[in-house]
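File shown here: query08.cif, holding mmCIF, C-alpha atoms.
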```
data_final
loop_
_atom_site.label_atom_id
_atom_site.label_comp_id
_atom_site.auth_asym_id
_atom_site.auth_seq_id
_atom_site.Cartn_x
_atom_site.Cartn_y
_atom_site.Cartn_z
CA MET V 1 90.66 89.08 72.38
CA ARG V 2 91.57 85.44 72.72
CA ARG V 3 95.21 84.75 71.98
CA VAL V 4 95.67 82.17 69.29
CA GLY V 5 98.43 79.74 70.10
CA ARG V 6 98.16 79.60 73.91
CA ARG V 7 97.08 76.13 74.85
CA GLN V 8 95.25 74.82 77.87
CA ARG V 9 97.59 72.37 79.58
CA GLN V 10 95.98 68.93 79.50
CA GLN V 11 97.70 65.61 79.95
CA THR V 12 96.45 63.85 76.84
CA ALA V 13 97.79 60.70 75.24
CA GLY V 14 99.46 62.90 72.64
CA GLU V 15 101.32 64.82 75.37
CA TRP V 16 102.61 61.57 76.81
CA ILE V 17 103.75 60.26 73.44
CA VAL V 18 105.57 63.53 72.75
CA THR V 19 107.24 63.38 76.16
CA VAL V 20 108.44 59.82 75.55
CA LEU V 21 109.81 60.76 72.12
CA GLN V 22 111.57 63.77 73.61
CA LEU V 23 113.13 61.58 76.30
CA ALA V 24 114.37 59.30 73.52
CA PHE V 25 116.77 62.13 72.62
CA LEU V 26 118.31 61.84 76.08
CA ALA V 27 118.52 58.06 75.75
CA TRP V 28 120.17 58.49 72.34
CA ALA V 29 122.59 60.99 73.91
CA ALA V 30 123.51 58.42 76.58
CA VAL V 31 124.19 55.81 73.89
CA GLU V 32 126.40 58.24 71.95
CA ALA V 33 128.24 59.19 75.15
CA ALA V 34 128.82 55.49 75.87
CA ARG V 35 130.24 55.08 72.36
CA GLY V 36 132.62 57.95 73.05
CA GLN V 37 130.88 60.38 70.69
CA THR V 38 130.84 63.26 73.17
CA SER V 39 130.04 66.03 70.68
CA ASP V 40 127.07 64.08 69.27
CA ALA V 41 125.86 63.38 72.82
CA LEU V 42 126.07 67.06 73.73
CA ALA V 43 124.26 68.02 70.52
CA LEU V 44 121.44 65.61 71.36
CA VAL V 45 121.12 67.00 74.90
CA ALA V 46 120.97 70.51 73.43
CA MET V 47 118.25 69.36 71.02
CA PHE V 48 116.30 67.86 73.93
CA ALA V 49 116.43 71.29 75.60
CA VAL V 50 115.22 73.01 72.41
CA LEU V 51 112.33 70.53 72.18
CA GLN V 52 110.98 71.97 75.45
CA VAL V 53 110.44 75.40 73.84
CA PRO V 54 106.83 74.78 72.66
CA ARG V 55 105.87 73.68 76.17
CA LEU V 56 107.61 76.63 77.80
CA LEU V 57 105.72 78.94 75.46
CA ARG V 58 102.50 76.95 76.07
CA LEU V 59 102.02 76.36 72.36
CA PRO V 60 99.59 73.71 71.10
CA LEU V 61 100.67 70.10 70.75
CA ILE V 62 101.08 70.40 67.00
CA PHE V 63 104.13 72.61 67.63
CA ASP V 64 105.71 69.90 69.82
CA VAL V 65 105.15 67.41 67.02
CA ALA V 66 106.60 69.79 64.41
CA PHE V 67 109.64 70.43 66.63
CA LEU V 68 110.12 66.69 67.08
CA VAL V 69 110.04 66.04 63.33
CA ALA V 70 112.41 68.91 62.46
CA TRP V 71 114.93 68.20 65.21
CA THR V 72 114.86 64.47 64.52
CA LEU V 73 115.97 65.27 60.97
CA GLN V 74 118.77 67.44 62.37
CA ALA V 75 119.76 64.73 64.89
CA LEU V 76 119.88 62.08 62.17
CA GLY V 77 122.18 64.38 60.21
CA ASP V 78 124.48 65.05 63.18
CA ALA V 79 124.54 61.81 65.13
CA GLY V 80 123.25 59.42 62.47
CA GLY V 81 125.69 60.52 59.80
CA PHE V 82 122.92 61.31 57.31
CA TRP V 83 124.71 64.45 56.06
CA SER V 84 127.29 62.32 54.28
CA ARG V 85 125.01 59.38 53.52
CA PHE V 86 122.37 61.37 51.63
CA PRO V 87 123.52 64.46 49.66
CA TRP V 88 120.00 65.95 49.81
CA TRP V 89 119.65 65.63 53.59
CA ASP V 90 121.24 69.04 54.23
CA THR V 91 118.73 70.71 51.89
CA LEU V 92 115.86 68.89 53.56
CA VAL V 93 116.93 70.12 57.01
CA HIS V 94 117.53 73.66 55.69
CA GLY V 95 113.93 73.64 54.48
CA THR V 96 112.32 71.94 57.46
CA LEU V 97 113.87 73.84 60.38
CA PRO V 98 112.76 77.32 59.25
CA ALA V 99 109.28 75.95 58.46
CA VAL V 100 108.97 75.05 62.16
CA LEU V 101 111.12 77.62 63.93
CA ALA V 102 109.98 80.76 62.08
CA PRO V 103 106.25 80.39 62.98
CA THR V 104 107.28 79.79 66.60
CA ALA V 105 109.49 82.87 66.53
CA LEU V 106 106.62 84.96 65.12
CA LEU V 107 104.28 83.82 67.92
CA LEU V 108 106.97 84.67 70.48
CA LEU V 109 107.57 88.13 69.01
CA ILE V 110 103.83 88.81 68.98
CA ARG V 111 103.49 87.72 72.59
CA ILE V 112 106.21 90.03 73.83
CA GLY V 113 104.58 92.89 71.93
CA VAL V 114 107.34 93.47 69.40
CA LEU V 115 105.21 92.68 66.33
CA PRO V 116 101.49 93.35 65.76
CA ASP V 117 99.21 90.38 66.37
CA VAL V 118 98.46 89.37 62.80
CA VAL V 119 97.71 85.78 63.81
CA ALA V 120 94.69 86.42 66.04
CA THR V 121 92.99 88.78 63.59
CA ARG V 122 90.66 87.55 60.90
CA GLY V 123 90.79 88.55 57.26
CA ARG V 124 92.89 88.23 54.16
CA ARG V 125 95.29 90.98 55.19
CA SER V 126 96.15 89.23 58.43
CA THR V 127 96.66 85.97 56.56
CA VAL V 128 99.03 87.66 54.12
CA GLY V 129 100.73 89.40 57.06
CA THR V 130 101.23 86.08 58.84
CA VAL V 131 102.75 84.40 55.78
CA LEU V 132 104.93 87.43 55.03
CA LEU V 133 106.29 87.84 58.55
CA VAL V 134 107.09 84.12 58.90
CA PHE V 135 108.81 84.19 55.53
CA LEU V 136 110.84 87.26 56.46
CA ILE V 137 111.93 85.74 59.76
CA ALA V 138 112.99 82.50 58.05
CA ALA V 139 114.77 84.19 55.16
CA GLY V 140 116.44 86.75 57.44
CA PHE V 141 117.66 84.20 59.94
CA GLY V 142 118.73 81.86 57.13
CA THR V 143 120.89 84.63 55.68
CA VAL V 144 122.57 85.28 59.02
CA TYR V 145 123.12 81.53 59.42
CA GLU V 146 124.89 81.36 56.05
CA ILE V 147 127.20 84.18 57.17
CA TYR V 148 127.85 82.25 60.39
CA GLU V 149 128.70 79.09 58.40
CA TRP V 150 131.19 81.05 56.30
CA PHE V 151 132.68 82.62 59.44
CA GLY V 152 132.98 79.17 61.07
CA ASP V 153 134.73 77.70 58.01
CA ALA V 154 137.02 80.72 57.55
CA HIS V 155 137.98 81.37 61.15
CA LEU V 156 136.90 78.54 63.44
CA GLY V 157 138.04 75.50 61.49
CA THR V 158 134.57 74.10 60.75
CA HIS V 159 133.59 72.49 57.45
CA TYR V 160 130.00 73.49 56.92
CA GLN V 161 130.05 74.76 53.35
CA PRO V 162 131.87 73.17 50.44
CA ASP V 163 131.10 75.95 47.92
CA ASN V 164 128.81 78.71 46.72
CA ASP V 165 126.37 76.22 45.13
CA ASP V 166 125.71 74.77 48.56
CA THR V 167 125.16 78.23 50.07
CA MET V 168 122.67 79.17 47.39
CA THR V 169 120.83 75.83 47.71
CA ASP V 170 120.61 76.37 51.48
CA THR V 171 119.35 79.92 50.99
CA VAL V 172 116.62 78.81 48.60
CA ALA V 173 115.67 75.94 50.95
CA ASN V 174 115.42 78.44 53.84
CA ASP V 175 113.14 80.69 51.81
CA VAL V 176 110.93 77.82 50.66
CA GLY V 177 110.78 76.50 54.24
CA GLY V 178 109.79 79.96 55.48
CA LEU V 179 107.03 80.18 52.91
CA VAL V 180 105.70 76.74 53.81
CA GLY V 181 105.91 77.60 57.53
CA GLY V 182 103.99 80.83 56.92
CA LEU V 183 101.25 79.05 55.01
CA TRP V 184 101.08 76.39 57.70
CA LEU V 185 100.77 78.94 60.52
CA ALA V 186 98.11 80.92 58.64
CA ALA V 187 96.09 77.76 57.97
CA TRP V 188 96.50 76.56 61.54
CA ALA V 189 95.52 79.97 62.98
CA ALA V 190 92.40 80.09 60.79
CA ARG V 191 91.42 76.66 62.09
CA ALA V 192 92.24 77.57 65.70
CA ARG V 193 90.09 80.72 65.50
CA GLY V 194 87.18 78.60 64.31
CA PRO V 195 84.16 79.78 62.33
CA ARG V 196 82.88 83.36 62.75
CA MET M 1 94.21 165.32 66.95
CA THR M 2 93.06 164.08 63.63
CA LEU M 3 95.59 166.12 61.76
CA MET M 4 98.28 165.03 64.03
CA ALA M 5 97.11 161.60 64.07
CA ASP M 6 96.91 161.32 60.33
CA PRO M 7 100.52 162.02 59.46
CA ALA M 8 101.64 160.18 62.53
CA SER M 9 99.56 157.22 61.67
CA ALA M 10 100.26 157.51 57.95
CA ALA M 11 103.99 157.72 58.38
CA PRO M 12 104.50 154.43 60.02
CA ARG M 13 101.80 152.87 57.90
CA ARG M 14 103.76 153.37 54.68
CA PRO M 15 106.74 151.28 55.64
CA GLU M 16 104.34 148.81 57.30
CA ARG M 17 102.46 148.43 54.05
CA ALA M 18 105.74 148.16 52.18
CA LEU M 19 106.91 145.57 54.66
CA SER M 20 103.77 143.54 54.35
CA THR M 21 103.95 143.69 50.55
CA GLY M 22 107.59 142.64 50.75
CA ASP M 23 106.65 139.92 53.19
CA SER M 24 103.90 138.62 51.00
CA ARG M 25 106.21 138.74 47.98
CA ARG M 26 108.87 136.90 49.90
CA ALA M 27 106.32 134.43 51.16
CA ARG M 28 105.01 133.95 47.63
CA ARG M 29 108.53 133.47 46.32
CA GLY M 30 109.21 131.03 49.15
CA ARG M 31 106.04 129.14 48.30
CA LEU M 32 107.02 129.03 44.62
CA ILE M 33 110.49 127.72 45.47
CA ARG M 34 109.01 125.17 47.87
CA LYS M 35 106.54 124.10 45.20
CA ALA M 36 109.28 123.92 42.57
CA VAL M 37 111.45 121.79 44.83
CA PHE M 38 108.92 119.70 46.70
CA GLY M 39 105.82 119.76 44.41
CA ASP M 40 103.01 119.01 44.04
CA TRP M 41 102.88 120.27 40.45
CA HIS M 42 100.47 117.74 38.98
CA PRO M 43 99.23 114.30 40.11
CA LEU M 44 101.20 112.66 37.30
CA LEU M 45 104.33 114.79 37.54
CA ARG M 46 104.60 115.97 41.09
CA ASP M 47 108.14 117.17 41.70
CA PRO M 48 111.83 116.83 40.72
CA LEU M 49 111.73 113.27 42.06
CA ASP M 50 109.28 112.36 39.31
CA LEU M 51 111.59 114.03 36.80
CA LEU M 52 114.41 111.84 38.09
CA ARG M 53 112.12 108.84 37.65
CA LEU M 54 111.39 109.88 34.07
CA SER M 55 115.11 110.14 33.34
CA PHE M 56 115.28 106.33 33.55
CA VAL M 57 112.74 105.83 30.79
CA ALA M 58 114.47 108.52 28.71
CA ALA M 59 117.76 106.68 29.18
CA ALA M 60 116.06 103.39 28.26
CA VAL M 61 114.85 104.91 24.99
CA ALA M 62 118.32 106.32 24.30
CA PHE M 63 119.98 102.93 24.90
CA PHE M 64 117.34 101.25 22.73
CA PHE M 65 118.16 103.52 19.79
CA ALA M 66 121.87 102.97 20.50
CA ASP M 67 121.25 99.22 19.95
CA SER M 68 121.88 98.34 23.61
CA LEU M 69 118.72 96.34 24.17
CA GLU M 70 119.92 94.76 27.43
CA TYR M 71 120.56 98.10 29.14
CA ALA M 72 117.36 99.53 27.68
CA VAL M 73 115.41 96.68 29.27
CA ARG M 74 117.25 97.05 32.60
CA LEU M 75 116.57 100.80 32.74
CA ALA M 76 112.95 100.32 31.71
CA ALA M 77 112.53 97.69 34.45
CA THR M 78 114.07 100.10 36.97
CA PHE M 79 111.63 102.78 35.81
CA LEU M 80 108.70 100.42 36.38
CA VAL M 81 109.89 99.64 39.91
CA LEU M 82 110.22 103.38 40.59
CA VAL M 83 106.72 104.03 39.23
CA ALA M 84 105.41 101.35 41.60
CA ALA M 85 107.22 103.17 44.42
CA GLN M 86 105.61 106.44 43.32
CA ARG M 87 102.18 104.86 43.65
CA LEU M 88 102.95 104.16 47.33
CA ARG M 89 103.12 107.93 48.00
CA LEU M 90 106.29 107.59 50.04
CA PRO M 91 107.63 110.38 52.22
CA ARG M 92 109.93 112.46 50.00
CA LEU M 93 113.14 111.40 51.74
CA PHE M 94 112.33 107.69 51.38
CA ASP M 95 111.43 108.27 47.73
CA LEU M 96 114.69 110.13 47.05
CA LEU M 97 116.80 107.45 48.76
CA PHE M 98 115.10 104.70 46.77
CA ILE M 99 115.57 106.51 43.46
CA ILE M 100 119.26 107.05 44.27
CA ALA M 101 119.72 103.39 45.22
CA MET M 102 117.97 102.11 42.11
CA GLY M 103 119.97 104.62 40.08
CA LEU M 104 123.25 103.28 41.49
CA GLN M 105 122.18 99.80 40.42
CA ALA M 106 120.81 100.71 36.98
CA TRP M 107 123.53 103.18 35.97
CA GLY M 108 126.16 100.87 37.43
CA ASN M 109 125.09 98.30 34.85
CA ALA M 110 124.54 100.70 31.98
CA LEU M 111 127.87 102.52 32.40
CA ARG M 112 129.76 99.35 33.41
CA LEU M 113 130.65 100.93 36.76
CA PHE M 114 130.47 97.50 38.45
CA GLU M 115 133.42 96.44 36.28
CA ASP M 116 135.37 99.72 36.33
CA ILE M 117 135.08 100.72 39.98
CA ASP M 118 136.08 98.11 42.56
CA TRP M 119 133.84 99.31 45.36
CA TRP M 120 130.73 99.99 43.26
CA ASP M 121 129.29 96.52 43.88
CA ASN M 122 129.80 96.92 47.65
CA LEU M 123 128.19 100.35 47.58
CA VAL M 124 125.09 98.98 45.81
CA HIS M 125 124.89 95.98 48.13
CA PHE M 126 124.79 98.35 51.11
CA VAL M 127 122.66 101.21 49.78
CA LEU M 128 119.96 99.16 48.03
CA PRO M 129 118.78 97.24 51.14
CA ALA M 130 119.06 100.42 53.25
CA ALA M 131 116.83 102.32 50.82
CA SER M 132 114.46 99.39 50.21
CA VAL M 133 113.62 98.88 53.89
CA PRO M 134 111.55 102.10 54.30
CA VAL M 135 109.80 101.44 50.97
CA LEU M 136 108.87 97.93 52.07
CA TYR M 137 107.60 99.28 55.38
CA VAL M 138 105.35 101.79 53.61
CA LEU M 139 104.18 99.04 51.23
CA ASN M 140 103.17 96.89 54.19
CA TRP M 141 101.52 99.88 55.86
CA ARG M 142 99.55 100.66 52.69
CA LEU M 143 98.45 97.02 52.57
CA GLY M 144 97.22 97.36 56.13
CA LEU M 145 99.65 94.78 57.48
CA LEU M 146 101.63 97.11 59.73
CA PRO M 147 100.68 100.18 61.77
CA ALA M 148 101.77 103.72 60.85
CA MET M 149 105.20 104.60 62.23
CA ALA M 150 103.86 107.44 64.37
CA GLU M 151 101.64 104.91 66.17
CA GLU M 152 104.67 102.92 67.31
CA ARG M 153 105.09 104.63 70.67
CA GLN M 154 106.62 102.00 72.92
CA PRO M 155 110.33 101.17 72.69
CA ARG M 156 109.62 97.49 72.03
CA GLN M 157 107.27 98.40 69.18
CA ARG M 158 110.09 100.46 67.70
CA LEU M 159 112.37 97.48 68.22
CA GLY M 160 109.85 95.47 66.22
CA LEU M 161 110.07 98.12 63.52
CA VAL M 162 113.83 97.73 63.31
CA LEU M 163 113.57 93.95 63.46
CA PHE M 164 111.03 93.93 60.66
CA ALA M 165 113.26 96.24 58.66
CA ILE M 166 116.31 94.06 59.16
CA MET M 167 114.41 90.91 58.18
CA ASN M 168 113.17 92.68 55.08
CA GLY M 169 116.63 93.84 54.14
CA LEU M 170 118.16 90.43 54.75
CA SER M 171 115.49 88.75 52.65
CA ALA M 172 116.07 91.28 49.88
CA ALA M 173 119.82 90.70 50.08
CA ALA M 174 119.32 86.92 49.93
CA GLY M 175 116.89 87.33 47.02
CA TYR M 176 119.44 89.43 45.17
CA GLU M 177 122.14 86.78 45.67
CA ILE M 178 119.77 84.13 44.33
CA TYR M 179 119.11 86.37 41.32
CA GLU M 180 122.86 86.80 40.71
CA TYR M 181 123.40 83.05 40.97
CA VAL M 182 120.56 82.27 38.56
CA ALA M 183 121.74 85.01 36.18
CA VAL M 184 125.29 83.62 36.06
CA ASN M 185 124.49 79.90 35.97
CA TRP M 186 121.37 79.84 33.81
CA LEU M 187 121.29 83.12 31.90
CA ASP M 188 125.02 83.46 31.13
CA ALA M 189 125.22 86.87 32.78
CA ASP M 190 128.69 88.41 33.04
CA LEU M 191 128.86 88.75 36.84
CA ALA M 192 131.71 87.80 39.14
CA ILE M 193 130.28 85.65 41.93
CA GLY M 194 131.83 83.23 44.38
CA TYR M 195 131.41 81.95 47.91
CA SER M 196 133.30 84.78 49.65
CA ASP M 197 131.72 87.39 47.39
CA THR M 198 128.24 86.07 48.17
CA ILE M 199 128.87 86.13 51.90
CA PHE M 200 130.43 89.59 51.79
CA ASP M 201 127.43 90.86 49.81
CA LEU M 202 125.07 89.32 52.38
CA ALA M 203 127.04 90.95 55.22
CA LEU M 204 126.75 94.32 53.44
CA GLY M 205 123.04 93.62 53.07
CA VAL M 206 122.83 93.11 56.84
CA GLY M 207 124.58 96.45 57.39
CA GLY M 208 122.31 98.21 54.89
CA ALA M 209 119.19 96.69 56.43
CA VAL M 210 120.27 97.82 59.90
CA ALA M 211 120.87 101.34 58.55
CA GLY M 212 117.38 101.31 57.01
CA GLY M 213 115.96 100.06 60.30
CA VAL M 214 117.66 102.84 62.26
CA LEU M 215 116.25 105.39 59.79
CA LEU M 216 112.75 103.99 60.38
CA MET M 217 113.27 104.06 64.14
CA LEU M 218 114.33 107.72 64.08
CA TRP M 219 111.41 108.53 61.79
CA SER M 220 109.05 106.82 64.20
CA ALA M 221 110.60 108.54 67.24
CA GLU M 222 109.98 111.93 65.60
CA ARG M 223 106.37 110.85 64.87
CA TRP M 224 106.80 111.87 61.25
CA PRO M 225 104.07 110.68 58.89
CA THR M 226 104.43 107.30 57.17
CA GLY M 227 103.07 108.63 53.86
CA ARG M 228 103.79 111.65 51.67
CA GLN M 229 102.17 114.84 52.90
CA ALA M 230 100.85 117.65 50.70
CA LEU M 231 102.69 120.98 51.08
CA ARG M 232 100.93 123.59 53.21
#
```
Structure re-expressed in structure tokens:
Amino acid sequence: MRRVGRRQRQQTAGEWIVTVLQLAFLAWAAVEAARGQTSDALALVAMFAVLQVPRLLRLPLIFDVAFLVAWTLQALGDAGGFWSRFPWWDTLVHGTLPAVLAPTALLLLIRIGVLPDVVATRGRRSTVGTVLLVFLIAAGFGTVYEIYEWFGDAHLGTHYQPDNDDTMTDTVANDVGGLVGGLWLAAWAARARGPR
Amino acid sequence: MTLMADPASAAPRRPERALSTGDSRRARRGRLIRKAVFGDWHPLLRDPLDLLRLSFVAAAVAFFFADSLEYAVRLAATFLVLVAAQRLRLPRLFDLLFIIAMGLQAWGNALRLFEDIDWWDNLVHFVLPAASVPVLYVLNWRLGLLPAMAEERQPRQRLGLVLFAIMNGLSAAAGYEIYEYVAVNWLDADLAIGYSDTIFDLALGVGGAVAGGVLLMLWSAERWPTGRQALR
């Protein structure tokens, strides 16, 4: 059975554009370091490393693009100060990141044989399974992340969460993002499998 | 030889026959007790678990006639969820755990135990995800989305089982927190919620989900069936 989601490595124009955009994160990190914003610079370097995940997993180019979009939103929040500039930016990021990361996590878990391969199989049940598993991964991880934010604020001196309203908005955004990510992966897998 | 053989053979035969009659009686009694405890009496009313399920609708009717419409609706809704669980033909232990967990929730509301007993809320937030995880697994198995537990033979497949269970439990816990938030802010429900309470509830949900996952893992390791089996 052909594995859906394992790409043939080809140096296309798209690959080059993605590489240049990824390197822009390093350039941005250098600028922030020069401005004395060490934590922002380190965050951007870490994001550059995370952007390599689709390539390491040999996922199709669309995953690189999705990673770029999601992590650019995160970077703009961290280094660009968008968290404070736009009140809705946090919700946007809480919806976008799971929509991208949860499908990737599902493909990884399938590859290492932990979860059944619902993506490569045809049929309505597999489609529902794909959407459900992506949603569960996103919602589950989102819940743990909310606990981490509380722990950080209570014990590590961070200021992630102002109140319960914010936590609940984040949780809903995570769930919606997971649902969108599941639908996206199911649609993409159906297209990647091609006609019968 | 015949004469000798007859009494000799008859003598031990009597107690043998008596023993076998006693055995069969005991076996019959054992079967009756097993049937009384484990069912299956009738497709619609199979065992004491179904009686427990029915107690929720009886309580709903009682609350309705006592002019407590809210509790009547809550208990009726719980009954419907439990009927849906019955349709899944869960293994008896999973079924019992789920009925107990839903009972803690429903009776906690109806008898105001959430208000009167400090730790009741924590108990429900732990037990409900723990009991829901096996039910959700069987639901997904019935839908053909996941393999039967006995088929999960490799350790990493069992790890997947636990992971799936934990994700399910966490999602359920998050869903419940969203419900509480909506109930308080939009439906004027009388629930005490706050940031720390929400996080503590979620942490209990994590613990409950892990407990449910471990139960599934043990079930799978024993190769016990994923669905309810008829008594032999």
Legend entry - Selected residue of minimal separation from Asp163 of chain V among V:Phe135, V:Trp16, V:Phe86, V:Trp150, counting all atoms listed in the file: V:Trp150
Legend entry - Expected selection from the PyMOL selection byres ((chain V) within 9 of (chain M)), given as a PyMOL selection string: chain V and resi 109+112-116+118+125-126+128-130+133+135-144+146-147+150+163-165+167-168+171-172+175
Write out, as a PDB file, in the frame of the given file, the residues just selected, with C-alpha atoms.
```
ATOM      1  CA  LEU V 109     107.570  88.130  69.010  1.00  0.00           C
ATOM      2  CA  ILE V 112     106.210  90.030  73.830  1.00  0.00           C
ATOM      3  CA  GLY V 113     104.580  92.890  71.930  1.00  0.00           C
ATOM      4  CA  VAL V 114     107.340  93.470  69.400  1.00  0.00           C
ATOM      5  CA  LEU V 115     105.210  92.680  66.330  1.00  0.00           C
ATOM      6  CA  PRO V 116     101.490  93.350  65.760  1.00  0.00           C
ATOM      7  CA  VAL V 118      98.460  89.370  62.800  1.00  0.00           C
ATOM      8  CA  ARG V 125      95.290  90.980  55.190  1.00  0.00           C
ATOM      9  CA  SER V 126      96.150  89.230  58.430  1.00  0.00           C
ATOM     10  CA  VAL V 128      99.030  87.660  54.120  1.00  0.00           C
ATOM     11  CA  GLY V 129     100.730  89.400  57.060  1.00  0.00           C
ATOM     12  CA  THR V 130     101.230  86.080  58.840  1.00  0.00           C
ATOM     13  CA  LEU V 133     106.290  87.840  58.550  1.00  0.00           C
ATOM     14  CA  PHE V 135     108.810  84.190  55.530  1.00  0.00           C
ATOM     15  CA  LEU V 136     110.840  87.260  56.460  1.00  0.00           C
ATOM     16  CA  ILE V 137     111.930  85.740  59.760  1.00  0.00           C
ATOM     17  CA  ALA V 138     112.990  82.500  58.050  1.00  0.00           C
ATOM     18  CA  ALA V 139     114.770  84.190  55.160  1.00  0.00           C
ATOM     19  CA  GLY V 140     116.440  86.750  57.440  1.00  0.00           C
ATOM     20  CA  PHE V 141     117.660  84.200  59.940  1.00  0.00           C
ATOM     21  CA  GLY V 142     118.730  81.860  57.130  1.00  0.00           C
ATOM     22  CA  THR V 143     120.890  84.630  55.680  1.00  0.00           C
ATOM     23  CA  VAL V 144     122.570  85.280  59.020  1.00  0.00           C
ATOM     24  CA  GLU V 146     124.890  81.360  56.050  1.00  0.00           C
ATOM     25  CA  ILE V 147     127.200  84.180  57.170  1.00  0.00           C
ATOM     26  CA  TRP V 150     131.190  81.050  56.300  1.00  0.00           C
ATOM     27  CA  ASP V 163     131.100  75.950  47.920  1.00  0.00           C
ATOM     28  CA  ASN V 164     128.810  78.710  46.720  1.00  0.00           C
ATOM     29  CA  ASP V 165     126.370  76.220  45.130  1.00  0.00           C
ATOM     30  CA  THR V 167     125.160  78.230  50.070  1.00  0.00           C
ATOM     31  CA  MET V 168     122.670  79.170  47.390  1.00  0.00           C
ATOM     32  CA  THR V 171     119.350  79.920  50.990  1.00  0.00           C
ATOM     33  CA  VAL V 172     116.620  78.810  48.600  1.00  0.00           C
ATOM     34  CA  ASP V 175     113.140  80.690  51.810  1.00  0.00           C
TER      35      ASP V 175
END
```
Any chance you could tabulate, as CSV, the residues of segment 78-151 of chain M at most 10 Å from segment 50-56 of chain M with each one's nearest atom pair and distance in Å to one decimal, using all atoms listed in the file, in chain and rising number order?
```
residue,atom,partner,partner_atom,distance
M:Thr78,CA,M:Phe56,CA,7.2
M:Phe79,CA,M:Phe56,CA,5.6
M:Leu80,CA,M:Arg53,CA,9.2
M:Val81,CA,M:Arg53,CA,9.7
M:Leu82,CA,M:Arg53,CA,6.5
M:Val83,CA,M:Arg53,CA,7.4
M:Gln86,CA,M:Asp50,CA,8.0
M:Asp95,CA,M:Asp50,CA,9.6
M:Leu96,CA,M:Leu52,CA,9.1
M:Ile99,CA,M:Arg53,CA,7.1
M:Ile100,CA,M:Leu52,CA,9.2
M:Met102,CA,M:Phe56,CA,9.9
M:Gly103,CA,M:Phe56,CA,8.2
M:Ala106,CA,M:Phe56,CA,8.6
M:Trp107,CA,M:Phe56,CA,9.2
```
Inset, instruction - Please evaluate the PyMOL selection byres ((chain M and resi 105) around 12) against the displayed coordinates and give the resulting residues as a ChimeraX atom specification. - result: /M:56,71,74-75,77-79,98-104,106-114,120-129,131,176
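If you look at atom CA of Leu204 of chain M and atom CA of Tyr179 of chain M, they are 16.4 Å away from each other.
Atom CA of Arg92 of chain M lies 15.5 Å from atom CA of His42 of chain M.
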Inset, instruction - Tell me, in Å to one decimal, how far atom CA of Asp78 of chain V is from atom CA of Asp40 of chain V. - result: 6.7 Å
Inset, instruction - Starting from the shown file, work through the PyMOL selection byres ((chain M and resi 40) around 12) and note down what comes out as a list of chain:residue names. - result: M:Arg31, M:Leu32, M:Ile33, M:Arg34, M:Lys35, M:Ala36, M:Val37, M:Phe38, M:Gly39, M:Trp41, M:His42, M:Pro43, M:Leu44, M:Leu45, M:Arg46, M:Asp47, M:Pro48, M:Leu49, M:Asp50, M:Arg89, M:Arg92, M:Arg228, M:Gln229, M:Ala230, M:Leu231, M:Arg232
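Nearest residue to Arg87 of chain M, choosing from M:Val135, M:Ala66, M:Trp219, M:Ser24 and counting all atoms listed in the file: M:Val135.
Comparing M:Gly227, M:Pro134, M:Gly30, M:Gly22 by their smallest distance to Val214 of chain M, the closest is M:Pro134 (using all atoms listed in the file).
Neighbouring residues of Phe82 of chain V at 12 Å or closer, counting all atoms listed in the file and skipping chain neighbours under 6 positions away, are Thr72, Leu73, Gln74, Ala75, Leu76, Trp88, Trp89, Asp90, Thr91, Leu92 and Val93 of chain V.
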Legend entry - segment 44-50 of chain V surroundings by all atoms listed in the file, 7 Å radius, close-in-sequence under 4 positions cut, as a PyMOL selection string: chain V and resi 22+25-26+29+40+71+75
